[in-house]
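Chemist: For reference, the file model.cif (mmCIF, C-alpha atoms) is included below:
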```cif
data_my_file
#
loop_
_atom_site.label_atom_id
_atom_site.label_comp_id
_atom_site.auth_asym_id
_atom_site.auth_seq_id
_atom_site.Cartn_x
_atom_site.Cartn_y
_atom_site.Cartn_z
CA MET I 1 8.31 19.27 -24.53
CA ARG I 2 5.36 17.29 -23.14
CA ARG I 3 6.89 14.09 -24.39
CA ARG I 4 10.20 14.81 -22.70
CA PHE I 5 8.39 15.66 -19.48
CA ILE I 6 6.51 12.36 -19.53
CA VAL I 7 9.59 10.29 -20.29
CA GLY I 8 11.50 12.13 -17.58
CA PHE I 9 8.69 11.63 -15.07
CA MET I 10 8.54 7.92 -15.83
CA ALA I 11 12.28 7.53 -15.41
CA ILE I 12 12.37 9.50 -12.15
CA TYR I 13 9.39 7.63 -10.72
CA LEU I 14 10.92 4.23 -11.45
CA ILE I 15 14.34 5.21 -10.15
CA VAL I 16 12.88 6.63 -6.93
CA GLN I 17 10.72 3.57 -6.32
CA LEU I 18 13.68 1.27 -6.91
CA LEU I 19 16.01 3.27 -4.68
CA VAL I 20 13.48 3.58 -1.86
CA SER I 21 12.77 -0.14 -1.87
CA VAL I 22 16.45 -1.09 -2.09
CA ALA I 23 17.30 1.30 0.74
CA ALA I 24 14.58 -0.29 2.87
CA LEU I 25 16.33 -3.65 2.54
CA GLY I 26 19.21 -2.27 4.59
CA ARG I 27 17.10 -0.71 7.36
CA THR I 28 15.70 -2.27 10.48
CA ARG I 29 12.86 -4.49 9.44
CA PRO I 30 10.14 -4.02 8.80
CA ALA I 31 10.86 -0.70 7.10
CA ARG I 32 8.28 1.62 5.63
CA PHE I 33 8.00 1.78 1.83
CA GLY I 34 9.90 -1.52 1.53
CA TRP I 35 7.06 -3.98 0.83
CA GLN I 36 8.34 -6.19 3.65
CA MET I 37 4.99 -7.69 4.56
CA TYR I 38 5.15 -10.77 6.76
CA SER I 39 8.87 -11.26 6.21
CA TYR I 40 9.73 -10.21 9.76
CA PRO I 41 8.78 -11.41 13.25
CA PRO I 42 5.61 -9.87 14.72
CA TYR I 43 6.85 -6.63 16.21
CA SER I 44 6.47 -6.81 19.97
CA PRO I 45 8.71 -4.59 22.06
CA SER I 46 7.98 -4.48 25.76
CA PHE I 47 8.37 -1.65 28.22
CA SER I 48 9.35 -2.08 31.87
CA ILE I 49 8.07 0.86 33.87
CA ASP I 50 9.94 1.41 37.13
CA SER I 51 8.06 3.61 39.59
CA GLY I 52 9.69 3.77 42.99
CA GLY I 53 11.05 0.27 42.69
CA GLU I 54 7.78 -1.23 41.51
CA VAL I 55 8.13 -2.59 37.98
CA THR I 56 5.24 -3.01 35.57
CA VAL I 57 5.71 -4.52 32.12
CA VAL I 58 3.50 -3.48 29.21
CA SER I 59 3.67 -4.51 25.59
CA TYR I 60 3.60 -2.32 22.51
CA GLU I 61 0.26 -3.86 21.52
CA ASP I 62 -1.23 -2.72 24.81
CA LEU I 63 -0.16 0.86 24.20
CA ALA I 64 -0.65 1.46 20.49
CA VAL I 65 -3.92 2.34 18.84
CA ARG I 66 -2.62 0.38 15.85
CA ALA I 67 0.53 -1.63 16.49
CA ARG I 68 2.45 -1.18 13.24
CA GLY I 69 5.71 -3.08 12.86
CA GLU I 70 7.28 -0.25 10.82
CA ILE I 71 7.33 2.00 13.87
CA HIS I 72 10.72 1.93 15.60
CA GLU I 73 10.13 4.59 18.24
CA GLU I 74 11.04 2.73 21.40
CA VAL I 75 12.67 5.80 22.98
CA ALA I 76 9.76 8.09 22.09
CA ILE I 77 7.28 5.58 23.51
CA ALA I 78 9.41 5.23 26.65
CA ARG I 79 9.42 9.01 27.09
CA TRP I 80 5.65 9.07 26.66
CA LEU I 81 5.37 6.45 29.39
CA CYS I 82 7.58 8.64 31.57
CA GLU I 83 5.13 11.51 31.16
CA THR I 84 1.90 9.56 31.47
CA ARG I 85 2.79 6.95 34.08
CA GLY I 86 4.93 9.03 36.43
CA ALA I 87 7.79 6.56 36.14
CA ASP I 88 11.39 6.88 37.34
CA THR I 89 12.85 4.82 34.51
CA VAL I 90 11.44 3.07 31.48
CA THR I 91 13.33 0.24 29.82
CA ALA I 92 12.33 -0.68 26.28
CA THR I 93 13.27 -4.10 24.94
CA ARG I 94 12.94 -5.32 21.35
CA HIS I 95 14.53 -8.63 20.32
CA ASN I 96 18.16 -8.28 21.44
CA GLU I 97 18.16 -4.51 21.87
CA GLN I 98 17.41 -2.48 24.96
CA TRP I 99 16.96 1.21 25.68
CA ILE I 100 17.00 2.59 29.22
CA VAL I 101 15.27 5.95 29.43
CA PRO I 102 15.57 7.83 32.73
CA CYS I 103 12.51 9.96 33.35
CA GLU I 104 13.26 13.59 34.22
CA MET W 1 9.39 -1.52 -34.52
CA ARG W 2 10.21 1.49 -32.37
CA ILE W 3 7.97 1.73 -29.34
CA ASP W 4 6.89 5.17 -28.16
CA PRO W 5 5.66 4.81 -24.55
CA VAL W 6 4.13 8.28 -24.63
CA ALA W 7 1.94 7.48 -27.65
CA MET W 8 0.76 4.11 -26.37
CA THR W 9 -2.87 3.77 -25.40
CA ILE W 10 -4.97 1.22 -23.55
CA ASP W 11 -8.64 0.24 -23.61
CA ALA W 12 -10.40 2.70 -21.29
CA ARG W 13 -12.60 -0.04 -19.85
CA ARG W 14 -9.64 -1.85 -18.37
CA LEU W 15 -8.46 1.23 -16.50
CA ALA W 16 -12.05 1.87 -15.45
CA ALA W 17 -12.32 -1.59 -13.91
CA THR W 18 -9.12 -0.92 -11.96
CA ARG W 19 -10.48 2.45 -10.87
CA ILE W 20 -13.62 0.87 -9.43
CA LEU W 21 -11.67 -1.67 -7.37
CA LEU W 22 -9.14 0.91 -6.20
CA GLY W 23 -11.92 3.31 -5.27
CA GLY W 24 -13.76 0.65 -3.31
CA SER W 25 -10.55 -0.20 -1.49
CA ALA W 26 -10.00 3.47 -0.75
CA VAL W 27 -13.43 3.68 0.91
CA SER W 28 -12.58 0.69 3.08
CA VAL W 29 -9.14 2.03 4.00
CA GLY W 30 -10.71 5.40 4.76
CA LEU W 31 -13.12 3.79 7.23
CA HIS W 32 -10.13 2.18 8.96
CA ALA W 33 -8.45 5.56 9.12
CA TYR W 34 -11.57 6.99 10.76
CA ARG W 35 -11.46 4.32 13.45
CA VAL W 36 -7.79 4.94 14.16
CA LEU W 37 -8.16 8.73 14.13
CA SER W 38 -11.11 8.51 16.52
CA GLU W 39 -9.03 6.49 18.96
CA LEU W 40 -6.09 8.83 18.59
CA ARG W 41 -8.35 11.65 19.75
CA ASP W 42 -8.38 10.12 23.22
CA PRO W 43 -5.88 12.25 25.20
CA ASP W 44 -4.57 9.07 26.85
CA SER W 45 -3.70 7.52 23.48
CA LEU W 46 -0.13 7.04 22.31
CA ARG W 47 0.64 9.55 19.56
CA LEU W 48 3.53 9.04 17.15
CA PRO W 49 3.46 11.90 14.67
CA PHE W 50 5.68 11.96 11.62
CA LEU W 51 6.51 15.62 12.15
CA THR W 52 4.71 17.64 14.79
CA GLU W 53 1.70 16.51 16.74
CA ILE W 54 -1.57 17.88 15.43
CA ASP W 55 -4.40 18.56 17.84
CA LEU W 56 -6.99 16.10 16.56
CA THR W 57 -10.29 17.82 17.13
CA GLY W 58 -13.52 16.18 16.09
CA ALA W 59 -13.84 18.70 13.30
CA ILE W 60 -10.44 17.84 11.88
CA VAL W 61 -11.18 14.12 11.93
CA VAL W 62 -14.54 14.62 10.25
CA LEU W 63 -12.96 16.91 7.66
CA LEU W 64 -10.11 14.55 6.82
CA VAL W 65 -12.16 11.39 6.68
CA GLY W 66 -15.12 13.11 5.09
CA LEU W 67 -12.99 14.41 2.24
CA TRP W 68 -11.34 11.01 1.94
CA LEU W 69 -14.63 9.11 1.68
CA VAL W 70 -16.34 11.62 -0.61
CA SER W 71 -13.41 11.74 -3.02
CA ALA W 72 -13.06 7.95 -2.92
CA ALA W 73 -16.75 7.51 -3.70
CA ALA W 74 -16.61 10.05 -6.53
CA TYR W 75 -13.52 8.36 -7.94
CA THR W 76 -15.21 4.95 -7.75
CA ILE W 77 -18.36 5.99 -9.57
CA GLY W 78 -16.38 8.14 -11.97
CA TRP W 79 -17.76 11.59 -11.22
CA LYS W 80 -15.25 14.36 -11.91
CA THR W 81 -12.89 11.42 -11.81
CA ASN W 82 -9.50 13.03 -12.21
CA VAL W 83 -10.33 15.78 -9.72
CA ALA W 84 -11.68 13.21 -7.27
CA GLY W 85 -8.64 11.00 -7.72
CA ARG W 86 -6.21 13.84 -7.15
CA LEU W 87 -8.13 15.03 -4.12
CA LEU W 88 -8.09 11.48 -2.76
CA PHE W 89 -4.35 11.29 -3.41
CA GLY W 90 -3.76 14.52 -1.50
CA ILE W 91 -6.07 13.83 1.42
CA MET W 92 -4.64 10.34 1.93
CA ALA W 93 -1.15 11.83 2.21
CA VAL W 94 -2.28 14.49 4.68
CA THR W 95 -4.25 12.03 6.81
CA VAL W 96 -1.50 9.41 7.08
CA ALA W 97 1.01 12.16 7.93
CA VAL W 98 -0.98 12.84 11.13
CA ASP W 99 0.38 9.74 12.87
CA GLN W 100 2.74 6.85 12.08
CA GLN W 101 0.09 4.42 13.24
CA LEU W 102 -1.96 5.27 10.15
CA TYR W 103 0.66 3.94 7.74
CA SER W 104 0.17 0.57 6.07
CA ASN W 105 1.81 -0.97 3.03
CA HIS W 106 -1.45 -1.44 1.19
CA ALA W 107 -2.55 2.15 1.87
CA TYR W 108 0.78 3.32 0.47
CA LEU W 109 0.33 1.16 -2.63
CA LEU W 110 -3.25 2.35 -3.03
CA TRP W 111 -2.06 5.94 -2.78
CA LEU W 112 0.55 5.42 -5.50
CA LEU W 113 -1.85 3.64 -7.86
CA VAL W 114 -4.66 6.18 -7.42
CA GLY W 115 -2.22 9.02 -8.08
CA LEU W 116 -0.78 7.36 -11.16
CA SER W 117 -4.21 6.53 -12.56
CA THR W 118 -5.21 10.19 -12.53
CA LEU W 119 -2.39 10.90 -14.95
CA SER W 120 -4.42 8.98 -17.52
CA ARG W 121 -8.22 9.07 -17.89
CA PRO W 122 -9.63 6.62 -15.35
CA GLY W 123 -13.12 8.05 -15.82
CA ALA W 124 -13.23 7.63 -19.59
CA ALA W 125 -15.40 4.51 -19.38
CA TRP W 126 -17.85 2.88 -16.96
CA SER W 127 -18.36 6.13 -15.11
CA LEU W 128 -20.76 9.01 -14.73
CA ASP W 129 -18.30 11.16 -16.67
CA SER W 130 -18.33 8.78 -19.62
CA ARG W 131 -22.08 9.07 -20.08
CA THR W 132 -21.52 12.34 -21.88
CA HIS W 133 -17.81 12.17 -22.67
CA HIS W 134 -16.74 8.68 -23.60
CA GLN W 135 -13.28 7.74 -24.76
CA VAL W 136 -12.37 4.37 -26.23
CA ARG W 137 -8.65 4.44 -25.47
CA VAL W 138 -6.68 6.38 -22.90
CA PRO W 139 -2.97 7.16 -22.38
CA ALA W 140 -1.09 4.03 -21.35
CA TRP W 141 2.11 5.51 -19.94
CA PRO W 142 0.65 5.96 -16.41
CA VAL W 143 -0.62 2.40 -16.66
CA VAL W 144 2.90 1.22 -17.45
CA LEU W 145 4.01 2.84 -14.20
CA MET W 146 1.11 1.26 -12.28
CA CYS W 147 2.00 -2.19 -13.58
CA THR W 148 5.68 -1.68 -12.91
CA GLN W 149 4.83 -0.60 -9.37
CA VAL W 150 2.89 -3.81 -8.82
CA SER W 151 5.81 -5.84 -10.16
CA LEU W 152 8.18 -4.05 -7.79
CA VAL W 153 5.89 -4.89 -4.86
CA TYR W 154 6.00 -8.58 -5.73
CA LEU W 155 9.73 -8.63 -6.36
CA PHE W 156 10.74 -6.75 -3.22
CA ALA W 157 8.27 -8.72 -1.13
CA ALA W 158 10.05 -11.82 -2.39
CA ALA W 159 13.52 -10.35 -1.84
CA THR W 160 12.85 -9.50 1.81
CA LYS W 161 11.79 -13.08 2.45
CA LEU W 162 15.14 -14.46 1.32
CA ASN W 163 16.55 -14.81 4.80
CA PRO W 164 17.10 -17.91 6.98
CA ASP W 165 14.51 -16.85 9.56
CA PHE W 166 11.70 -16.61 7.02
CA LEU W 167 12.72 -19.62 4.92
CA SER W 168 12.81 -21.81 8.04
CA GLY W 169 9.06 -21.36 8.38
CA LEU W 170 9.23 -19.76 11.82
CA MET W 171 8.08 -16.32 10.62
CA LEU W 172 5.10 -17.65 8.72
CA GLU W 173 4.14 -19.85 11.65
CA ARG W 174 3.92 -16.79 13.88
CA TRP W 175 1.81 -14.89 11.35
CA LEU W 176 -0.71 -17.69 10.81
CA ALA W 177 -4.25 -16.83 11.76
CA PRO W 178 -5.70 -18.70 14.77
CA SER W 179 -8.14 -20.46 12.42
CA ALA W 180 -5.27 -21.66 10.24
CA GLN W 181 -3.14 -23.31 12.91
CA TRP W 182 -3.81 -26.67 11.22
CA ALA W 183 -1.37 -25.46 8.52
CA VAL W 184 1.55 -25.06 10.96
CA GLY W 185 3.12 -28.26 9.66
CA ALA W 186 3.29 -26.78 6.17
CA SER W 187 4.88 -23.50 7.26
CA ARG W 188 8.32 -24.38 6.00
CA ALA W 189 7.05 -25.43 2.59
CA MET W 190 4.86 -22.33 2.37
CA SER W 191 7.84 -20.18 3.32
CA VAL W 192 9.86 -21.52 0.42
CA ILE W 193 6.97 -21.40 -2.04
CA THR W 194 5.88 -17.85 -1.19
CA PRO W 195 8.91 -15.92 -2.51
CA ILE W 196 8.96 -18.17 -5.56
CA VAL W 197 5.33 -17.33 -6.30
CA GLU W 198 5.89 -13.63 -5.68
CA SER W 199 8.95 -13.53 -7.94
CA PHE W 200 7.04 -15.40 -10.64
CA LEU W 201 4.12 -12.98 -10.41
CA GLY W 202 6.40 -9.96 -10.56
CA LEU W 203 7.87 -11.12 -13.85
CA ALA W 204 5.34 -13.39 -15.53
CA LEU W 205 2.54 -10.80 -15.61
CA TRP W 206 4.61 -9.10 -18.32
CA SER W 207 4.94 -12.25 -20.43
CA PRO W 208 2.22 -12.90 -23.03
CA ARG W 209 2.94 -16.65 -22.79
CA LEU W 210 3.00 -16.89 -18.99
CA ARG W 211 0.46 -14.24 -18.10
CA ARG W 212 -2.55 -16.55 -17.85
CA PHE W 213 -0.66 -18.73 -15.38
CA ALA W 214 0.43 -15.65 -13.45
CA ILE W 215 -3.14 -14.35 -13.27
CA LEU W 216 -4.49 -17.69 -12.12
CA GLY W 217 -1.67 -18.13 -9.63
CA GLY W 218 -1.98 -14.57 -8.41
CA VAL W 219 -5.70 -14.82 -7.84
CA LEU W 220 -5.28 -18.08 -5.92
CA PHE W 221 -2.39 -16.59 -3.94
CA HIS W 222 -4.40 -13.52 -2.99
CA LEU W 223 -7.50 -15.55 -2.18
CA SER W 224 -5.48 -17.70 0.20
CA THR W 225 -3.62 -15.04 2.18
CA PRO W 226 -6.69 -13.65 4.01
CA ILE W 227 -7.59 -17.22 4.94
CA PHE W 228 -4.20 -18.19 6.32
CA MET W 229 -2.73 -14.97 7.72
CA VAL W 230 -3.63 -12.58 10.53
CA GLY W 231 -5.27 -9.30 9.56
CA PRO W 232 -7.76 -10.70 7.04
CA LEU W 233 -9.59 -7.45 6.29
CA GLU W 234 -6.40 -5.61 5.41
CA LEU W 235 -5.30 -8.57 3.34
CA ILE W 236 -8.57 -8.55 1.43
CA GLU W 237 -7.99 -4.87 0.65
CA PHE W 238 -4.41 -5.56 -0.38
CA SER W 239 -5.49 -8.48 -2.56
CA ALA W 240 -8.14 -6.37 -4.28
CA ILE W 241 -5.59 -3.63 -4.97
CA MET W 242 -3.06 -6.00 -6.47
CA VAL W 243 -5.50 -8.08 -8.53
CA SER W 244 -7.18 -4.90 -9.83
CA THR W 245 -4.12 -4.26 -11.98
CA TYR W 246 -3.84 -7.71 -13.59
CA TRP W 247 -5.98 -6.84 -16.61
CA LEU W 248 -3.83 -3.78 -17.27
CA PHE W 249 -0.76 -5.80 -18.21
CA PRO W 250 -1.90 -7.17 -21.61
CA GLY W 251 -0.82 -4.91 -24.43
CA LEU W 252 1.96 -3.09 -22.67
CA THR W 253 4.95 -5.14 -23.79
CA PRO W 254 6.75 -4.34 -27.06
CA ALA W 255 5.45 -7.56 -28.61
CA GLU W 256 1.87 -6.61 -27.87
CA VAL W 257 1.84 -2.87 -28.57
CA THR W 258 -1.03 -1.92 -30.81
CA ALA W 259 -1.30 1.11 -33.09
CA PRO W 260 -1.33 4.58 -31.51
CA SER W 261 -4.61 5.96 -30.13
CA GLN W 262 -7.73 5.27 -32.14
CA PRO W 263 -10.31 8.04 -32.53
CA SER W 264 -12.55 8.54 -29.51
CA ARG W 265 -16.29 8.03 -29.78
CA PRO W 266 -17.95 11.29 -28.70
CA THR W 267 -21.61 11.09 -27.77
CA ASP W 268 -23.06 14.55 -27.39
CA SER W 269 -20.18 16.93 -27.66
CA ALA W 270 -16.49 16.92 -26.74
CA SER W 271 -14.50 13.72 -26.82
CA THR W 272 -12.40 14.41 -23.74
CA VAL W 273 -13.41 13.45 -20.23
CA PRO W 274 -13.98 16.35 -17.83
CA GLY W 275 -12.09 16.62 -14.55
#
```
Reformat the file's structure so that it appears as structure tokens.

Modeler:
Amino acid sequence: MRRRFIVGFMAIYLIVQLLVSVAALGRTRPARFGWQMYSYPPYSPSFSIDSGGEVTVVSYEDLAVRARGEIHEEVAIARWLCETRGADTVTATRHNEQWIVPCE
Amino acid sequence: MRIDPVAMTIDARRLAATRILLGGSAVSVGLHAYRVLSELRDPDSLRLPFLTEIDLTGAIVVLLVGLWLVSAAAYTIGWKTNVAGRLLFGIMAVTVAVDQQLYSNHAYLLWLLVGLSTLSRPGAAWSLDSRTHHQVRVPAWPVVLMCTQVSLVYLFAAATKLNPDFLSGLMLERWLAPSAQWAVGASRAMSVITPIVESFLGLALWSPRLRRFAILGGVLFHLSTPIFMVGPLELIEFSAIMVSTYWLFPGLTPAEVTAPSQPSRPTDSASTVPG
């Protein structure tokens, strides 16, 4: 019984680790749990904060306590900027992608 | 010869040496976590929770990091080792779950290796526990998983670098430390060599014939990354974690398997390690 449990645990562990890492290959890089260290460009989205026509641009590094590349939360960060900066619109830009978040 | 992975054992001192390096790394990573958590307490800080946002009071930060550091220290010195290791495993998971900014690849790897080690007897040698309850050999099946995990890290790290952007040298150039800008001209060569080295390490550590070259190459590789790349402290931690498993590989392949567990050497009383 114990032996079967151990063999089963080993098999499941290895399969899960393989599947998680393989799945990470297909996600936006860098992806968590994918061991993708240094294989991607330094993550540096920027955020244009539009307040009454006045536009301020801030970088992810300026905002984050610890700017991890695995975090792909441009919309969430834009919404946080809406709340904290009193903006009308926040536009997040990362590489070739852009998200325009109107502030309510 | 039929190999029974469940019956395999390994010299307890080798796992103990790994435990000490992993524990030391866990203390260092825990101190980083304290710095990040302290900054996250600022109400003006950007919070990116995995699930729901937790109100980070001073008491919660002290509790999380305190438990982390105490369990890491106990695990390192081998006091109630398995309990300490499992507590460390749990508290690391809870702490990192507080905010996405606490995640790092080497903390994740450390978490996996600490957890796996506690499935064996990491405190059976070179520990406070072993002063009264020493064991010569300990179960090897968790060690097989630890070594396989390390191999997967190398192999997938190599696989993700097999793209034109990385192989052109541009990625590595952007990650070079300011003090290593003199190496910019060699970025392309380094970009091609790096996945080759990582692939070699992922496989050769299992080969009795190639292992010495893999160990030498791996040590040189991990000594060089903190020198050349940004984030040297985290790279030192990562290097320590990876290299701490190198001496676990010998004896795990079918060609090297020794006889099943030899009798333990009790000192005062029981032969099993507490905790």

Chemist: Measuring atom to atom with only C-alpha atoms, identify which of W:Ile241, W:Ala189, W:Leu167, W:Val65 is nearest to chain I.

Modeler: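 Among the listed residues, W:Leu167 lies closest to chain I.
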
Chemist: Quick one: residues within 6 Å of region 69-78 of chain I, only C-alpha atoms counted, chain neighbours fewer than 3 positions away excluded, as a PyMOL selection string?

Modeler: chain I and resi 30-32+43+81+90

Chemist: Kindly provide the residues of chain W that approach chain I to within 6 Å, each paired with its closest atom pair and their distance in Å to one decimal, based on all atoms listed in the file, listed by chain and increasing number, as CSV.

Modeler:
```
residue,atom,partner,partner_atom,distance
W:Leu46,CA,I:Ala64,CA,5.9
W:Gln101,CA,I:Arg66,CA,5.5
W:Val153,CA,I:Trp35,CA,5.9
W:Ala157,CA,I:Trp35,CA,5.3
W:Thr160,CA,I:Gln36,CA,5.9
W:Lys161,CA,I:Ser39,CA,5.1
W:Met171,CA,I:Pro41,CA,5.6
```

Chemist: What's around His32 (chain W) at 12 Å? Count only C-alpha atoms, leave out sequence neighbours fewer than 5 positions away in its own chain, and write the answer as an MDAnalysis selection string.

Modeler: (chainID I and resid 65:66) or (chainID W and resid 25:27 37:39 65 68:69 95:96 101:104 107 233:234 237)

Chemist: For Gly8 (chain I), which residue out of W:Gly66, W:Val138, W:Leu155, W:Val6 is the nearest one, using all atoms listed in the file?

Modeler: W:Val6

Chemist: Mind checking which residues fall within 7 Å of Gln100 (chain W), counting all atoms listed in the file, ignoring those fewer than 5 positions away in the same chain, and posting them as a PyMOL selection string?

Modeler: (chain I and resi 71) or (chain W and resi 48-50)

Chemist: May I have the centre and edge lengths, in Å to one decimal, of an axis-aligned box around the listed atoms of region 139-143 of chain W with 3 Å added to every side, as JSON?

Modeler:
```
{"center_x": -0.4, "center_y": 4.8, "center_z": -19.4, "size_x": 11.1, "size_y": 10.8, "size_z": 12.0}
```

Chemist: Can you tell me, as a VMD selection string, what residues are no more than 8 Å from Pro250 (chain W) when counting all atoms listed in the file, ignoring any on the same chain fewer than 3 positions away?

Modeler: chain W and resid 206 208 247 253 256

Chemist: Filtering to C-alpha atoms, could you give me those residues as a short mmCIF file (atom, residue, chain, number, x, y, z; two decimals), in the frame of the given file?

Modeler:
```
data_model
loop_
_atom_site.label_atom_id
_atom_site.label_comp_id
_atom_site.auth_asym_id
_atom_site.auth_seq_id
_atom_site.Cartn_x
_atom_site.Cartn_y
_atom_site.Cartn_z
CA TRP W 206 4.61 -9.10 -18.32
CA PRO W 208 2.22 -12.90 -23.03
CA TRP W 247 -5.98 -6.84 -16.61
CA THR W 253 4.95 -5.14 -23.79
CA GLU W 256 1.87 -6.61 -27.87
#
```

Chemist: Per residue of region 111-184 of chain W within 10 Å of region 70-75 of chain W, which atom pair is closest and at what distance in Å (one decimal), using only C-alpha atoms, listed by chain and increasing number, as JSON lines?

Modeler:
```
{"residue": "W:Val114", "atom": "CA", "partner": "W:Tyr75", "partner_atom": "CA", "distance": 9.1}
{"residue": "W:Thr118", "atom": "CA", "partner": "W:Tyr75", "partner_atom": "CA", "distance": 9.7}
{"residue": "W:Pro122", "atom": "CA", "partner": "W:Tyr75", "partner_atom": "CA", "distance": 8.5}
{"residue": "W:Gly123", "atom": "CA", "partner": "W:Tyr75", "partner_atom": "CA", "distance": 7.9}
{"residue": "W:Ser127", "atom": "CA", "partner": "W:Tyr75", "partner_atom": "CA", "distance": 8.9}
{"residue": "W:Leu128", "atom": "CA", "partner": "W:Ala74", "partner_atom": "CA", "distance": 9.2}
```

Chemist: Kindly indicate which residue among I:Gly86, I:Gly26, I:Pro45, I:Pro102 lies nearest to Val58 (chain I), using all atoms listed in the file for the distances.

Modeler: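 Ranked by minimum distance to Val58 (chain I), first place goes to I:Pro45.
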
Chemist: Could you work out how far CA of Pro254 (chain W) lies from CA of Arg13 (chain W), giving the answer in Å with one decimal?

Modeler: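 One can read the CA of Arg13 (chain W) to CA of Pro254 (chain W) distance as 21.1 Å.
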
Chemist: When the PyMOL selection byres ((chain I and resi 100) around 12) is applied to the structure above, which residues does it catch, written out as a PyMOL selection string?

Modeler: chain I and resi 46-50+74-79+82+88-94+97-99+101-103

Chemist: By how many Å are CA of Leu172 (chain W) and CA of Ser191 (chain W) apart?

Modeler: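 CA of Ser191 (chain W) lies 6.6 Å from CA of Leu172 (chain W).
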
Chemist: So how far away is CA of Val243 (chain W) from CA of Leu21 (chain W), in Å?

Modeler: 9.0 Å

Chemist: I want to know what sits within 12 Å of Ser207 (chain W), based on all atoms listed in the file, with residues of the same chain fewer than 5 positions away left out; could you give that as an mmCIF file with C-alpha atoms, in the coordinates of the input?

Modeler:
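Output file result-v3.cif is given in full below:
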```cif
data_model
loop_
_atom_site.group_PDB
_atom_site.id
_atom_site.type_symbol
_atom_site.label_atom_id
_atom_site.label_comp_id
_atom_site.auth_asym_id
_atom_site.auth_seq_id
_atom_site.Cartn_x
_atom_site.Cartn_y
_atom_site.Cartn_z
ATOM 1 C CA PHE W 200 7.040 -15.400 -10.640
ATOM 2 C CA LEU W 201 4.120 -12.980 -10.410
ATOM 3 C CA GLY W 202 6.400 -9.960 -10.560
ATOM 4 C CA ARG W 212 -2.550 -16.550 -17.850
ATOM 5 C CA PHE W 213 -0.660 -18.730 -15.380
ATOM 6 C CA ALA W 214 0.430 -15.650 -13.450
ATOM 7 C CA ILE W 215 -3.140 -14.350 -13.270
ATOM 8 C CA PHE W 249 -0.760 -5.800 -18.210
ATOM 9 C CA PRO W 250 -1.900 -7.170 -21.610
ATOM 10 C CA GLY W 251 -0.820 -4.910 -24.430
ATOM 11 C CA LEU W 252 1.960 -3.090 -22.670
ATOM 12 C CA THR W 253 4.950 -5.140 -23.790
ATOM 13 C CA PRO W 254 6.750 -4.340 -27.060
ATOM 14 C CA ALA W 255 5.450 -7.560 -28.610
ATOM 15 C CA GLU W 256 1.870 -6.610 -27.870
#
```

Chemist: On this structure, which residues satisfy the PyMOL selection byres ((chain W and resi 197) around 9), written as an MDAnalysis selection string?

Modeler: chainID W and resid 154 158 193:196 198:202 214 217:218 221
